[in-house]
Amino acid sequence: MLIENIDPVLISLGPLEIRWYGVMMALSFLLGSYFFIKNGKRQGLGEDVLFNLIFSAIIGGVIGARLIFVLTNLDFFIQNPGQIIRVDTGGLAFHGALLGGVLSGWLVARLNRLPLHYFLDLAVPGLAVGYMLVRWANIFNQEILGRPAELLFFDRHPAQIYGILIGLICLLAHNYLSRRFKGNTGVLFWGFIFYYSLLRGLIEETFRDNPLYLWGFISENWGAGFFTLTHLATPPLLILAWFMLNRARKIPELKEKKQRA
């Protein structure tokens with residue numbers, strides 16, 4: 001969604017600027033941490049372990065998100081190396097955040113001799129809410145723009161709004177499925193990864209104005225384009241998520257068999 005003359009800066013205090021993107025990122029961290037700790041304590045997990053996991057996942061997630069974004073825009077950052085650390089202005093890749101957060105969380109879980117799947121499901125509300133908030137911030141930064149389309153009632157696809165709706169759908173699906181699947185087996189997390197990847201690949205990336213790879217195809221009438229890097233990464237992610245989802249579904253069955261034995 002393109003809005004002219006929108007200011008990405010919320011408050012200016014001399015040389016200090018507080019940007020909408022930074023505020024939304026901070027809010028997503030706070031809300032994600034709140035839900036993670038609240039639900040974790042309800043399930044009997046120790047507060048110290050939960051705080052350590054949150055801290056490590058946030059640090060690892062930001063590093064992973066920025067690293068992937070820098071690598072996919074390497075030419076710009078070679079010319080502007082000082083911008084690499086400016087995460088407050090935007091430029092965080094969600095897939096990188098997932099990778100960095102999971103790896104750092106796995107390390108903390110291993111140090112505490114607990115399986116990572118104990119904690120993965122607790123992260124889903126924060127991931128979904130964070131994705132929605134960051135897409136709102138993208139509106140203020142005027143980034144993640146949709147492709148122009150001739151057959152729409154507006155000039156271009158509101159790709160940020162598509163992203164917000166994807167996050168909302170994933171959050172509602174999580175809230176529904178959390179009533180059916182108990183025990184923190186990873187079912188909710190890998191279900192989130194599967195449906196998020198599917199919806200983003202089919203909807204947001206198809207109508208988002210990103211560079212195309214392979215032979216490339218754009219429908220100017222509908223503003224649809226194939227294939228972006230996310231399009232190409234989606235099938236492997238779906239296969240991984242489906243495999244891990246089926247694996248996670250067997251964990252409660254194994255517990256029940258042990259109890260019966």
# chains A, B, ... in the order shown; residues from 1 in each chain; ligands from 1
call {"tool": "select_by_dssp", "arguments": {"residues": "range 80-259 of chain A", "states": "helix (DSSP H, G or I)", "output": "ChimeraX atom specification"}}
result
/A:81-83,87-89,94-111,117-141,159-177,187-204,229-259
call {"tool": "closest_residue", "arguments": {"among": "A:Ala26, A:Ile85, A:Ile161, A:Leu92", "to": "Ala65 in chain A", "atoms": "only C-alpha atoms"}}
result
A:Leu92
call {"tool": "residues_around", "arguments": {"residues": "range 108-124 of chain A", "least_positions_apart": "4", "cutoff": "6 Å", "atoms": "only C-alpha atoms", "output": "list in words"}}
result
Phe36, Asn184, Thr185, Gly186, Leu188 and Phe189 of chain A
call {"tool": "residues_around", "arguments": {"residues": "Gly91 in chain A", "least_positions_apart": "4", "cutoff": "9 Å", "atoms": "only C-alpha atoms", "output": "list of chain:residue names"}}
result
A:Ala65, A:Arg66, A:Phe69, A:Val70, A:Arg86, A:Val87
call {"tool": "atom_distance", "arguments": {"atom1": "CA of Asp75 in chain A", "atom2": "CA of Arg147 in chain A"}}
result
22.8 Å
call {"tool": "closest_residue", "arguments": {"among": "A:Ile59, A:Leu199, A:Leu151, A:Ile84", "to": "Ile166 in chain A", "atoms": "only C-alpha atoms"}}
result
A:Leu199
call {"tool": "residues_around", "arguments": {"residues": "range 42-56 of chain A", "least_positions_apart": "5", "cutoff": "7 Å", "atoms": "only C-alpha atoms", "output": "list of chain:residue names"}}
result
A:Ser33, A:Ile37, A:Ser104, A:Gly105, A:Val108
call {"tool": "write_last_selection", "arguments": {"atoms": "N, CA and C atoms", "output": "PDB file, in the first residue's frame"}}
result
ATOM      1  N   SER A  33       7.119 -11.941  24.217  1.00  0.00           N
ATOM      2  CA  SER A  33       7.694 -12.385  25.483  1.00  0.00           C
ATOM      3  C   SER A  33       6.605 -12.613  26.519  1.00  0.00           C
ATOM      4  N   ILE A  37       6.066 -16.342  28.135  1.00  0.00           N
ATOM      5  CA  ILE A  37       6.294 -16.597  29.557  1.00  0.00           C
ATOM      6  C   ILE A  37       4.988 -16.979  30.254  1.00  0.00           C
ATOM      7  N   SER A 104      19.269 -20.393  18.253  1.00  0.00           N
ATOM      8  CA  SER A 104      19.674 -19.909  19.573  1.00  0.00           C
ATOM      9  C   SER A 104      18.819 -20.535  20.669  1.00  0.00           C
ATOM     10  N   GLY A 105      17.506 -20.721  20.394  1.00  0.00           N
ATOM     11  CA  GLY A 105      16.639 -21.392  21.356  1.00  0.00           C
ATOM     12  C   GLY A 105      17.042 -22.844  21.558  1.00  0.00           C
ATOM     13  N   VAL A 108      20.003 -22.970  24.038  1.00  0.00           N
ATOM     14  CA  VAL A 108      19.602 -22.783  25.435  1.00  0.00           C
ATOM     15  C   VAL A 108      18.852 -24.003  25.952  1.00  0.00           C
TER      16      VAL A 108
END
call {"tool": "residues_around", "arguments": {"residues": "Ala97 in chain A", "least_positions_apart": "3", "cutoff": "9 Å", "atoms": "only C-alpha atoms", "output": "PyMOL selection string"}}
result
chain A and resi 57-58+60-66+68+92-94+100-102
call {"tool": "write_last_selection", "arguments": {"atoms": "N, CA and C atoms", "output": "mmCIF file, in the first residue's frame"}}
result
data_model
loop_
_atom_site.group_PDB
_atom_site.id
_atom_site.type_symbol
_atom_site.label_atom_id
_atom_site.label_comp_id
_atom_site.auth_asym_id
_atom_site.auth_seq_id
_atom_site.Cartn_x
_atom_site.Cartn_y
_atom_site.Cartn_z
ATOM 1 N N ALA A 57 16.483 -16.044 21.921
ATOM 2 C CA ALA A 57 15.727 -16.096 20.674
ATOM 3 C C ALA A 57 15.613 -14.713 20.032
ATOM 4 N N ILE A 58 15.432 -13.664 20.852
ATOM 5 C CA ILE A 58 15.348 -12.310 20.303
ATOM 6 C C ILE A 58 16.674 -11.902 19.679
ATOM 7 N N GLY A 60 19.211 -13.880 18.685
ATOM 8 C CA GLY A 60 19.469 -14.715 17.512
ATOM 9 C C GLY A 60 18.552 -14.400 16.358
ATOM 10 N N GLY A 61 17.288 -14.077 16.665
ATOM 11 C CA GLY A 61 16.329 -13.753 15.616
ATOM 12 C C GLY A 61 16.682 -12.471 14.877
ATOM 13 N N VAL A 62 17.073 -11.435 15.629
ATOM 14 C CA VAL A 62 17.442 -10.168 14.996
ATOM 15 C C VAL A 62 18.694 -10.336 14.142
ATOM 16 N N ILE A 63 19.685 -11.059 14.675
ATOM 17 C CA ILE A 63 20.917 -11.276 13.906
ATOM 18 C C ILE A 63 20.615 -12.070 12.631
ATOM 19 N N GLY A 64 19.834 -13.147 12.764
ATOM 20 C CA GLY A 64 19.499 -13.947 11.594
ATOM 21 C C GLY A 64 18.684 -13.179 10.570
ATOM 22 N N ALA A 65 17.722 -12.379 11.054
ATOM 23 C CA ALA A 65 16.867 -11.602 10.152
ATOM 24 C C ALA A 65 17.669 -10.566 9.378
ATOM 25 N N ARG A 66 18.583 -9.895 10.090
ATOM 26 C CA ARG A 66 19.393 -8.871 9.422
ATOM 27 C C ARG A 66 20.407 -9.497 8.470
ATOM 28 N N ILE A 68 20.220 -12.336 6.742
ATOM 29 C CA ILE A 68 19.596 -12.771 5.492
ATOM 30 C C ILE A 68 19.234 -11.571 4.622
ATOM 31 N N LEU A 92 14.441 -6.503 7.865
ATOM 32 C CA LEU A 92 14.604 -7.747 8.612
ATOM 33 C C LEU A 92 13.833 -8.842 7.874
ATOM 34 N N ALA A 93 14.513 -9.935 7.582
ATOM 35 C CA ALA A 93 13.899 -11.040 6.848
ATOM 36 C C ALA A 93 13.271 -12.015 7.832
ATOM 37 N N PHE A 94 11.984 -12.294 7.655
ATOM 38 C CA PHE A 94 11.267 -13.137 8.608
ATOM 39 C C PHE A 94 11.848 -14.550 8.651
ATOM 40 N N GLY A 100 17.421 -17.885 13.001
ATOM 41 C CA GLY A 100 18.266 -17.440 14.104
ATOM 42 C C GLY A 100 17.639 -17.697 15.457
ATOM 43 N N GLY A 101 16.333 -17.470 15.570
ATOM 44 C CA GLY A 101 15.642 -17.688 16.835
ATOM 45 C C GLY A 101 15.607 -19.152 17.236
ATOM 46 N N VAL A 102 15.335 -20.035 16.261
ATOM 47 C CA VAL A 102 15.264 -21.466 16.560
ATOM 48 C C VAL A 102 16.643 -22.010 16.941
#
call {"tool": "decode", "arguments": {"residues": "range 133-152 of chain A", "atoms": "N, CA and C atoms", "output": "mmCIF file, in the first residue's frame"}}
result
data_model
loop_
_atom_site.group_PDB
_atom_site.id
_atom_site.type_symbol
_atom_site.label_atom_id
_atom_site.label_comp_id
_atom_site.auth_asym_id
_atom_site.auth_seq_id
_atom_site.Cartn_x
_atom_site.Cartn_y
_atom_site.Cartn_z
ATOM 1 N N LEU A 133 2.568 -6.705 13.215
ATOM 2 C CA LEU A 133 3.052 -5.384 13.616
ATOM 3 C C LEU A 133 4.146 -4.878 12.683
ATOM 4 N N VAL A 134 5.039 -5.775 12.272
ATOM 5 C CA VAL A 134 6.110 -5.356 11.361
ATOM 6 C C VAL A 134 5.543 -4.959 10.001
ATOM 7 N N ARG A 135 4.500 -5.648 9.552
ATOM 8 C CA ARG A 135 3.895 -5.250 8.283
ATOM 9 C C ARG A 135 3.218 -3.878 8.398
ATOM 10 N N TRP A 136 2.651 -3.564 9.574
ATOM 11 C CA TRP A 136 2.151 -2.201 9.784
ATOM 12 C C TRP A 136 3.300 -1.207 9.680
ATOM 13 N N ALA A 137 4.447 -1.541 10.271
ATOM 14 C CA ALA A 137 5.610 -0.659 10.208
ATOM 15 C C ALA A 137 6.088 -0.490 8.772
ATOM 16 N N ASN A 138 5.962 -1.537 7.948
ATOM 17 C CA ASN A 138 6.354 -1.434 6.545
ATOM 18 C C ASN A 138 5.523 -0.387 5.804
ATOM 19 N N ILE A 139 4.283 -0.178 6.249
ATOM 20 C CA ILE A 139 3.456 0.869 5.635
ATOM 21 C C ILE A 139 4.075 2.239 5.891
ATOM 22 N N PHE A 140 4.522 2.478 7.124
ATOM 23 C CA PHE A 140 5.138 3.763 7.447
ATOM 24 C C PHE A 140 6.473 3.942 6.717
ATOM 25 N N ASN A 141 7.202 2.855 6.510
ATOM 26 C CA ASN A 141 8.476 2.926 5.791
ATOM 27 C C ASN A 141 8.295 2.931 4.278
ATOM 28 N N GLN A 142 7.064 2.687 3.822
ATOM 29 C CA GLN A 142 6.763 2.597 2.388
ATOM 30 C C GLN A 142 7.646 1.568 1.692
ATOM 31 N N GLU A 143 7.712 0.378 2.312
ATOM 32 C CA GLU A 143 8.451 -0.748 1.758
ATOM 33 C C GLU A 143 7.524 -1.955 1.702
ATOM 34 N N ILE A 144 7.991 -3.052 1.146
ATOM 35 C CA ILE A 144 7.161 -4.236 0.897
ATOM 36 C C ILE A 144 5.942 -3.821 0.062
ATOM 37 N N LEU A 145 6.184 -3.096 -1.019
ATOM 38 C CA LEU A 145 5.092 -2.605 -1.859
ATOM 39 C C LEU A 145 4.587 -3.700 -2.794
ATOM 40 N N GLY A 146 3.295 -3.598 -3.138
ATOM 41 C CA GLY A 146 2.700 -4.534 -4.084
ATOM 42 C C GLY A 146 2.964 -4.108 -5.519
ATOM 43 N N ARG A 147 2.739 -5.022 -6.435
ATOM 44 C CA ARG A 147 2.927 -4.711 -7.848
ATOM 45 C C ARG A 147 1.766 -3.860 -8.380
ATOM 46 N N PRO A 148 2.044 -2.968 -9.325
ATOM 47 C CA PRO A 148 0.951 -2.258 -10.002
ATOM 48 C C PRO A 148 0.049 -3.240 -10.742
ATOM 49 N N ALA A 149 -1.249 -2.958 -10.754
ATOM 50 C CA ALA A 149 -2.213 -3.850 -11.415
ATOM 51 C C ALA A 149 -3.249 -3.013 -12.141
ATOM 52 N N GLU A 150 -3.520 -3.364 -13.385
ATOM 53 C CA GLU A 150 -4.438 -2.582 -14.215
ATOM 54 C C GLU A 150 -5.906 -2.879 -13.921
ATOM 55 N N LEU A 151 -6.218 -4.073 -13.440
ATOM 56 C CA LEU A 151 -7.610 -4.476 -13.278
ATOM 57 C C LEU A 151 -8.140 -4.279 -11.855
ATOM 58 N N LEU A 152 -7.368 -3.653 -10.978
ATOM 59 C CA LEU A 152 -7.814 -3.409 -9.615
ATOM 60 C C LEU A 152 -8.430 -2.020 -9.493
#
